[in-house]
Structures are given as C-alpha cells and as structure tokens.
>>> print(open('input-v3.tsv').read())   # TSV, C-alpha atoms
chain	number	residue	atom	x	y	z
I	1	MET	CA	0.00	0.00	0.00
I	2	SER	CA	1.15	3.57	-0.61
I	3	VAL	CA	-0.13	7.06	0.21
I	4	LYS	CA	-0.70	9.93	-2.26
I	5	LEU	CA	-0.01	13.33	-0.75
I	6	SER	CA	1.41	16.78	-1.10
I	7	LEU	CA	3.84	18.30	1.41
I	8	PHE	CA	4.20	21.94	2.35
I	9	SER	CA	6.91	23.75	4.23
I	10	ASN	CA	6.25	24.39	7.91
I	11	ASN	CA	7.79	27.86	7.80
I	12	PHE	CA	6.53	28.78	4.29
I	13	PRO	CA	2.99	27.33	4.35
I	14	ASP	CA	2.20	28.50	0.80
I	15	PHE	CA	5.22	26.61	-0.57
I	16	PHE	CA	4.96	22.93	-1.49
I	17	ILE	CA	7.61	20.41	-2.48
I	18	VAL	CA	7.51	20.27	-6.27
I	19	ASP	CA	9.26	18.15	-8.90
I	20	GLN	CA	9.57	20.32	-11.97
I	21	ASP	CA	11.09	18.03	-14.58
I	22	GLY	CA	13.85	16.74	-12.34
I	23	SER	CA	14.51	19.81	-10.23
I	24	VAL	CA	13.02	19.41	-6.74
I	25	ASP	CA	12.28	22.62	-4.88
I	26	ILE	CA	9.60	24.30	-2.82
I	27	ALA	CA	7.32	26.67	-4.70
I	28	GLU	CA	3.96	28.38	-4.59
I	29	ILE	CA	1.17	26.62	-6.43
I	30	ASP	CA	-0.40	28.71	-9.20
I	31	SER	CA	-1.60	26.29	-11.88
I	32	ASP	CA	-2.86	22.78	-12.56
I	33	GLU	CA	0.66	21.84	-13.68
I	34	ASP	CA	2.01	23.08	-10.32
I	35	ARG	CA	-0.58	20.89	-8.54
I	36	ARG	CA	0.62	17.88	-10.52
I	37	ASP	CA	4.26	18.79	-9.75
I	38	ALA	CA	3.39	18.89	-6.02
I	39	THR	CA	1.69	15.49	-5.83
I	40	PHE	CA	3.72	12.49	-4.67
I	41	GLU	CA	3.30	8.91	-3.60
I	42	TRP	CA	4.88	7.78	-0.31
I	43	THR	CA	5.77	4.09	-0.65
I	44	GLY	CA	5.55	3.36	3.06
I	45	PRO	CA	2.39	1.65	4.27
I	46	GLN	CA	0.60	4.56	5.93
I	47	MET	CA	2.82	7.61	6.50
I	48	SER	CA	3.55	6.88	10.16
I	49	PHE	CA	6.57	7.86	12.22
I	50	GLY	CA	9.31	5.24	12.11
I	51	GLU	CA	8.45	3.75	8.73
I	52	THR	CA	10.72	3.96	5.71
I	53	GLY	CA	9.81	4.64	2.12
I	54	GLN	CA	10.42	6.70	-0.97
I	55	LEU	CA	8.72	9.79	-2.35
I	56	LEU	CA	7.74	9.04	-5.94
I	57	ARG	CA	6.49	11.51	-8.51
I	58	ALA	CA	2.75	10.89	-8.99
I	59	LYS	CA	2.46	12.59	-12.39
I	60	GLU	CA	3.32	11.18	-15.81
I	61	PRO	CA	5.82	9.95	-16.67
I	62	LEU	CA	5.88	7.71	-13.63
I	63	GLY	CA	8.91	5.87	-12.27
I	64	PHE	CA	10.79	8.85	-10.78
I	65	CYS	CA	11.87	9.08	-7.14
I	66	LEU	CA	13.30	11.92	-5.08
I	67	ARG	CA	16.99	11.07	-4.78
I	68	ILE	CA	19.91	12.51	-2.84
I	69	MET	CA	22.62	13.52	-5.29
I	70	SER	CA	25.63	13.07	-2.96
I	71	PHE	CA	27.96	14.10	-5.80
I	72	ASP	CA	26.07	17.43	-6.20
I	73	GLU	CA	26.23	18.95	-2.69
I	74	PHE	CA	23.49	16.54	-1.53
I	75	ARG	CA	20.90	18.30	-3.70
I	76	ILE	CA	17.59	16.49	-4.16
I	77	ASP	CA	16.61	15.71	-7.75
I	78	SER	CA	14.20	13.23	-9.23
I	79	LYS	CA	15.71	10.16	-10.82
I	80	PHE	CA	14.12	7.64	-13.16
I	81	PHE	CA	14.50	4.35	-11.30
I	82	THR	CA	12.14	1.82	-12.83
I	83	GLY	CA	13.80	-0.32	-15.41
I	84	ILE	CA	17.37	0.15	-14.15
I	85	ILE	CA	19.04	-3.03	-15.39
I	86	ASP	CA	22.31	-2.91	-13.46
I	87	PRO	CA	21.54	-4.28	-9.95
I	88	ASP	CA	24.35	-2.23	-8.35
I	89	VAL	CA	23.00	1.02	-9.81
I	90	ALA	CA	19.44	0.08	-8.81
I	91	ALA	CA	20.60	-0.60	-5.24
I	92	GLU	CA	22.45	2.75	-5.12
I	93	VAL	CA	19.41	4.69	-6.35
I	94	ARG	CA	17.17	2.86	-3.86
I	95	ALA	CA	19.59	3.68	-1.01
I	96	ASP	CA	19.82	7.34	-2.08
I	97	SER	CA	16.05	7.70	-2.19
I	98	THR	CA	14.90	5.94	0.99
I	99	PHE	CA	13.90	8.00	4.02
I	100	THR	CA	12.63	7.32	7.51
I	101	LEU	CA	9.71	9.43	8.73
I	102	VAL	CA	10.53	11.00	12.07
I	103	PRO	CA	8.75	13.62	14.18
I	104	ALA	CA	10.07	17.06	13.27
I	105	GLU	CA	12.12	18.40	16.16
I	106	ILE	CA	10.69	21.90	15.78
I	107	ASP	CA	7.10	20.56	15.70
I	108	PRO	CA	6.81	16.87	16.70
I	109	ALA	CA	3.30	16.59	15.23
I	110	GLN	CA	4.78	17.19	11.76
I	111	PHE	CA	7.21	15.22	9.59
I	112	SER	CA	10.92	15.22	8.90
I	113	PHE	CA	12.46	12.82	6.38
I	114	ARG	CA	15.76	11.35	7.60
I	115	SER	CA	17.95	9.70	4.99
I	116	VAL	CA	18.50	5.99	5.55
I	117	ARG	CA	21.84	6.01	3.71
I	118	PHE	CA	23.04	9.24	5.36
I	119	PRO	CA	21.30	9.10	8.76
I	120	ASP	CA	22.72	12.44	9.92
I	121	ARG	CA	21.01	14.22	6.99
I	122	PHE	CA	17.42	15.35	6.63
I	123	LEU	CA	15.39	16.53	3.68
I	124	ARG	CA	15.24	20.32	4.01
I	125	HIS	CA	14.83	23.40	1.90
I	126	ARG	CA	17.47	26.09	1.54
I	127	ASP	CA	17.02	29.03	-0.83
I	128	PHE	CA	13.83	27.25	-2.04
I	129	HIS	CA	15.80	24.18	-3.25
I	130	LEU	CA	15.73	20.77	-1.55
I	131	PHE	CA	18.85	19.22	-0.04
I	132	ALA	CA	19.76	16.42	2.35
I	133	GLU	CA	21.68	18.24	5.09
I	134	ARG	CA	22.50	18.16	8.77
I	135	VAL	CA	20.10	20.30	10.78
I	136	ASN	CA	21.03	21.92	14.08
I	137	THR	CA	19.93	25.55	14.36
I	138	PRO	CA	16.28	26.51	14.82
I	139	ALA	CA	16.15	27.83	11.22
I	140	GLU	CA	17.58	24.55	9.88
I	141	LEU	CA	15.17	22.49	11.98
I	142	GLN	CA	12.28	24.63	10.73
I	143	SER	CA	13.32	24.07	7.10
I	144	ALA	CA	13.35	20.30	7.69
I	145	CYS	CA	9.75	20.27	8.93
I	146	PHE	CA	6.98	19.43	6.46
I	147	ARG	CA	3.22	19.18	6.80
I	148	ARG	CA	1.16	16.59	5.03
I	149	ASN	CA	-1.62	17.78	2.76
I	150	ALA	CA	-4.17	15.95	0.65
I	151	PRO	CA	-2.82	15.45	-2.89
I	152	LEU	CA	-3.17	18.68	-4.83
I	153	ALA	CA	-3.78	16.80	-8.10
I	154	SER	CA	-6.34	14.11	-8.77
I	155	PRO	CA	-5.07	10.82	-10.20
>>> encode(input="input-v3.tsv", output="structure tokens")
Amino acid sequence: MSVKLSLFSNNFPDFFIVDQDGSVDIAEIDSDEDRRDATFEWTGPQMSFGETGQLLRAKEPLGFCLRIMSFDEFRIDSKFFTGIIDPDVAAEVRADSTFTLVPAEIDPAQFSFRSVRFPDRFLRHRDFHLFAERVNTPAELQSACFRRNAPLASP
C-alpha cells in the first residue's frame, strides 16, 4: 500500500515540495501543472513515524523518485529508477532515495524525512531548493519540517 499526498513547508505554508522536470524545490502553487508537480506517492504503508519509504512523482511519466545527489552537494533531484538493469545502480538509487519518517524536532506533530543512507542528513529546503543536510539551528530544523496535505492533483 502507498499514500498519495502533497507536502508543504512548515515555515513557508504557501510553498509545497515540487518536482519540476527533475529539479526538486519548494514553490507556490499557481496552476494545474504546479498541482501535478506537487503530488507524490509515499511508498511506506501509511505515512507513520518510524516507517521507511520513498517519495515518488505521482504525475506522468511515472517511475521517478526523489533522490539525494551526494555528488552534487546533496541536492535532491528526481531520478528515473524503474527499469534500471544494473543491480548495483538500482541498489544505489534505492539507497539514495529511501527516508525514515521522524517527528520534526521543531514541531513533533509534523514530519521530517531522515535519509537511511546518510542518517545524519534530513530533507530540508534552503534558498527554495531541496537538499539532504544536517540540521542543528532553529532555522535549519524549521526548514526540515513538512506538513502533510491531501494530494493537490487528482489521479
């Protein structure tokens, strides 16, 4: 089972995580295309603290996951992962795109996404782009806190 959802920033509530053709950022939603860009599928069973999963793009073309690009300053991009033939590459992409849901430190009722491969790094926004980074200061903790929303786009 998986969960369709949209996620908005705790400190910028009008800004949602969006996948705009491979570039993953937070942005305001102004159009139907933006709503599609802001709709994801969480592969965990029910979006509960402690479970692991991936955030997959829910719009066509399917088969893209949000992946940590450790070779690009830990920037988050979307990566086509279905159909990867090389098992080593497939395992690397899976490891780079798997997160554990944890209570956000700044607001424990909300979500933070901790990397499984890099457990000291959390999904966070900086300058409206998404990264996997260490979070320590209140501003960093705030930028690693996301709120779940119903999917902005219909299937």
>>> residues_around(input="input-v3.tsv", residues="Thr43 in chain I", least_positions_apart="6", cutoff="6 Å", atoms="only C-alpha atoms", output="number ranges by chain")
I: 2, 53-54
>>> residues_around(input="input-v3.tsv", residues="range 123-126 of chain I", least_positions_apart="4", cutoff="8 Å", atoms="all atoms listed in the file", output="MDAnalysis selection string")
chainID I and resid 25:26 112:115 130:133 140 143:145
>>> atom_distance(input="input-v3.tsv", atom1="CA of Met1 in chain I", atom2="CA of Ala95 in chain I")
20.0 Å
>>> closest_residue(input="input-v3.tsv", among="I:His129, I:Arg134, I:Arg117, I:Arg148", to="Val18 in chain I", atoms="only C-alpha atoms")
I:His129
>>> atom_distance(input="input-v3.tsv", atom1="CA of Glu105 in chain I", atom2="CA of Val93 in chain I")
27.3 Å
>>> closest_residue(input="input-v3.tsv", among="I:Val89, I:Met69, I:Val3, I:Ala27", to="Leu55 in chain I", atoms="all atoms listed in the file")
I:Val3
>>> residues_around(input="input-v3.tsv", residues="Thr82 in chain I", least_positions_apart="3", cutoff="12 Å", atoms="only C-alpha atoms", output="PyMOL selection string")
chain I and resi 56+61-65+79+85-87+89-91+93-94
>>> build_atoms(input="input-v3.tsv", residues="range 101-134 of chain I", atoms="N, CA and C atoms", output="PDB file, in the coordinates of the input")
ATOM      1  N   LEU I 101      10.547   8.345   8.196  1.00  0.00           N
ATOM      2  CA  LEU I 101       9.710   9.430   8.730  1.00  0.00           C
ATOM      3  C   LEU I 101       9.959   9.551  10.219  1.00  0.00           C
ATOM      4  N   VAL I 102      10.308  10.752  10.646  1.00  0.00           N
ATOM      5  CA  VAL I 102      10.530  11.000  12.070  1.00  0.00           C
ATOM      6  C   VAL I 102       9.763  12.263  12.462  1.00  0.00           C
ATOM      7  N   PRO I 103       9.397  12.378  13.742  1.00  0.00           N
ATOM      8  CA  PRO I 103       8.750  13.620  14.180  1.00  0.00           C
ATOM      9  C   PRO I 103       9.725  14.790  14.002  1.00  0.00           C
ATOM     10  N   ALA I 104       9.228  15.866  13.439  1.00  0.00           N
ATOM     11  CA  ALA I 104      10.070  17.060  13.270  1.00  0.00           C
ATOM     12  C   ALA I 104      10.424  17.610  14.643  1.00  0.00           C
ATOM     13  N   GLU I 105      11.682  17.919  14.850  1.00  0.00           N
ATOM     14  CA  GLU I 105      12.120  18.400  16.160  1.00  0.00           C
ATOM     15  C   GLU I 105      11.465  19.729  16.529  1.00  0.00           C
ATOM     16  N   ILE I 106      11.260  20.572  15.541  1.00  0.00           N
ATOM     17  CA  ILE I 106      10.690  21.900  15.780  1.00  0.00           C
ATOM     18  C   ILE I 106       9.177  21.833  16.043  1.00  0.00           C
ATOM     19  N   ASP I 107       8.538  20.780  15.518  1.00  0.00           N
ATOM     20  CA  ASP I 107       7.100  20.560  15.700  1.00  0.00           C
ATOM     21  C   ASP I 107       6.837  19.061  15.602  1.00  0.00           C
ATOM     22  N   PRO I 108       6.893  18.340  16.724  1.00  0.00           N
ATOM     23  CA  PRO I 108       6.810  16.870  16.700  1.00  0.00           C
ATOM     24  C   PRO I 108       5.538  16.285  16.113  1.00  0.00           C
ATOM     25  N   ALA I 109       4.513  17.098  15.878  1.00  0.00           N
ATOM     26  CA  ALA I 109       3.300  16.590  15.230  1.00  0.00           C
ATOM     27  C   ALA I 109       3.464  16.538  13.712  1.00  0.00           C
ATOM     28  N   GLN I 110       4.533  17.136  13.205  1.00  0.00           N
ATOM     29  CA  GLN I 110       4.780  17.190  11.760  1.00  0.00           C
ATOM     30  C   GLN I 110       5.944  16.270  11.399  1.00  0.00           C
ATOM     31  N   PHE I 111       6.266  16.204  10.094  1.00  0.00           N
ATOM     32  CA  PHE I 111       7.210  15.220   9.590  1.00  0.00           C
ATOM     33  C   PHE I 111       8.567  15.810   9.232  1.00  0.00           C
ATOM     34  N   SER I 112       9.605  15.027   9.504  1.00  0.00           N
ATOM     35  CA  SER I 112      10.920  15.220   8.900  1.00  0.00           C
ATOM     36  C   SER I 112      11.279  13.895   8.224  1.00  0.00           C
ATOM     37  N   PHE I 113      12.053  13.988   7.151  1.00  0.00           N
ATOM     38  CA  PHE I 113      12.460  12.820   6.380  1.00  0.00           C
ATOM     39  C   PHE I 113      13.963  12.640   6.566  1.00  0.00           C
ATOM     40  N   ARG I 114      14.350  11.629   7.352  1.00  0.00           N
ATOM     41  CA  ARG I 114      15.760  11.350   7.600  1.00  0.00           C
ATOM     42  C   ARG I 114      16.250  10.322   6.586  1.00  0.00           C
ATOM     43  N   SER I 115      17.381  10.621   5.962  1.00  0.00           N
ATOM     44  CA  SER I 115      17.950   9.700   4.990  1.00  0.00           C
ATOM     45  C   SER I 115      18.366   8.405   5.672  1.00  0.00           C
ATOM     46  N   VAL I 116      18.062   7.282   5.035  1.00  0.00           N
ATOM     47  CA  VAL I 116      18.500   5.990   5.550  1.00  0.00           C
ATOM     48  C   VAL I 116      19.991   5.806   5.272  1.00  0.00           C
ATOM     49  N   ARG I 117      20.432   6.184   4.090  1.00  0.00           N
ATOM     50  CA  ARG I 117      21.840   6.010   3.710  1.00  0.00           C
ATOM     51  C   ARG I 117      22.755   6.980   4.447  1.00  0.00           C
ATOM     52  N   PHE I 118      22.278   8.201   4.660  1.00  0.00           N
ATOM     53  CA  PHE I 118      23.040   9.240   5.360  1.00  0.00           C
ATOM     54  C   PHE I 118      22.229   9.670   6.577  1.00  0.00           C
ATOM     55  N   PRO I 119      22.243   8.877   7.661  1.00  0.00           N
ATOM     56  CA  PRO I 119      21.300   9.100   8.760  1.00  0.00           C
ATOM     57  C   PRO I 119      21.491  10.403   9.534  1.00  0.00           C
ATOM     58  N   ASP I 120      22.556  11.134   9.274  1.00  0.00           N
ATOM     59  CA  ASP I 120      22.720  12.440   9.920  1.00  0.00           C
ATOM     60  C   ASP I 120      22.177  13.567   9.041  1.00  0.00           C
ATOM     61  N   ARG I 121      21.525  13.215   7.928  1.00  0.00           N
ATOM     62  CA  ARG I 121      21.010  14.220   6.990  1.00  0.00           C
ATOM     63  C   ARG I 121      19.493  14.095   6.851  1.00  0.00           C
ATOM     64  N   PHE I 122      18.871  15.261   6.754  1.00  0.00           N
ATOM     65  CA  PHE I 122      17.420  15.350   6.630  1.00  0.00           C
ATOM     66  C   PHE I 122      17.061  16.115   5.358  1.00  0.00           C
ATOM     67  N   LEU I 123      15.919  15.757   4.796  1.00  0.00           N
ATOM     68  CA  LEU I 123      15.390  16.530   3.680  1.00  0.00           C
ATOM     69  C   LEU I 123      15.021  17.898   4.221  1.00  0.00           C
ATOM     70  N   ARG I 124      15.546  18.948   3.579  1.00  0.00           N
ATOM     71  CA  ARG I 124      15.240  20.320   4.010  1.00  0.00           C
ATOM     72  C   ARG I 124      15.331  21.250   2.822  1.00  0.00           C
ATOM     73  N   HIS I 125      14.725  22.403   2.961  1.00  0.00           N
ATOM     74  CA  HIS I 125      14.830  23.400   1.900  1.00  0.00           C
ATOM     75  C   HIS I 125      15.797  24.497   2.322  1.00  0.00           C
ATOM     76  N   ARG I 126      16.546  24.960   1.357  1.00  0.00           N
ATOM     77  CA  ARG I 126      17.470  26.090   1.540  1.00  0.00           C
ATOM     78  C   ARG I 126      17.430  26.883   0.248  1.00  0.00           C
ATOM     79  N   ASP I 127      17.143  28.165   0.353  1.00  0.00           N
ATOM     80  CA  ASP I 127      17.020  29.030  -0.830  1.00  0.00           C
ATOM     81  C   ASP I 127      16.001  28.442  -1.820  1.00  0.00           C
ATOM     82  N   PHE I 128      14.948  27.815  -1.279  1.00  0.00           N
ATOM     83  CA  PHE I 128      13.830  27.250  -2.040  1.00  0.00           C
ATOM     84  C   PHE I 128      14.207  26.018  -2.860  1.00  0.00           C
ATOM     85  N   HIS I 129      15.389  25.449  -2.634  1.00  0.00           N
ATOM     86  CA  HIS I 129      15.800  24.180  -3.250  1.00  0.00           C
ATOM     87  C   HIS I 129      15.843  23.126  -2.151  1.00  0.00           C
ATOM     88  N   LEU I 130      15.678  21.858  -2.528  1.00  0.00           N
ATOM     89  CA  LEU I 130      15.730  20.770  -1.550  1.00  0.00           C
ATOM     90  C   LEU I 130      17.116  20.140  -1.516  1.00  0.00           C
ATOM     91  N   PHE I 131      17.569  19.851  -0.299  1.00  0.00           N
ATOM     92  CA  PHE I 131      18.850  19.220  -0.040  1.00  0.00           C
ATOM     93  C   PHE I 131      18.662  18.163   1.039  1.00  0.00           C
ATOM     94  N   ALA I 132      19.649  17.306   1.197  1.00  0.00           N
ATOM     95  CA  ALA I 132      19.760  16.420   2.350  1.00  0.00           C
ATOM     96  C   ALA I 132      20.937  16.964   3.159  1.00  0.00           C
ATOM     97  N   GLU I 133      20.636  17.562   4.310  1.00  0.00           N
ATOM     98  CA  GLU I 133      21.680  18.240   5.090  1.00  0.00           C
ATOM     99  C   GLU I 133      21.495  17.958   6.575  1.00  0.00           C
ATOM    100  N   ARG I 134      22.572  18.200   7.309  1.00  0.00           N
ATOM    101  CA  ARG I 134      22.500  18.160   8.770  1.00  0.00           C
ATOM    102  C   ARG I 134      21.689  19.370   9.227  1.00  0.00           C
TER     103      ARG I 134
END
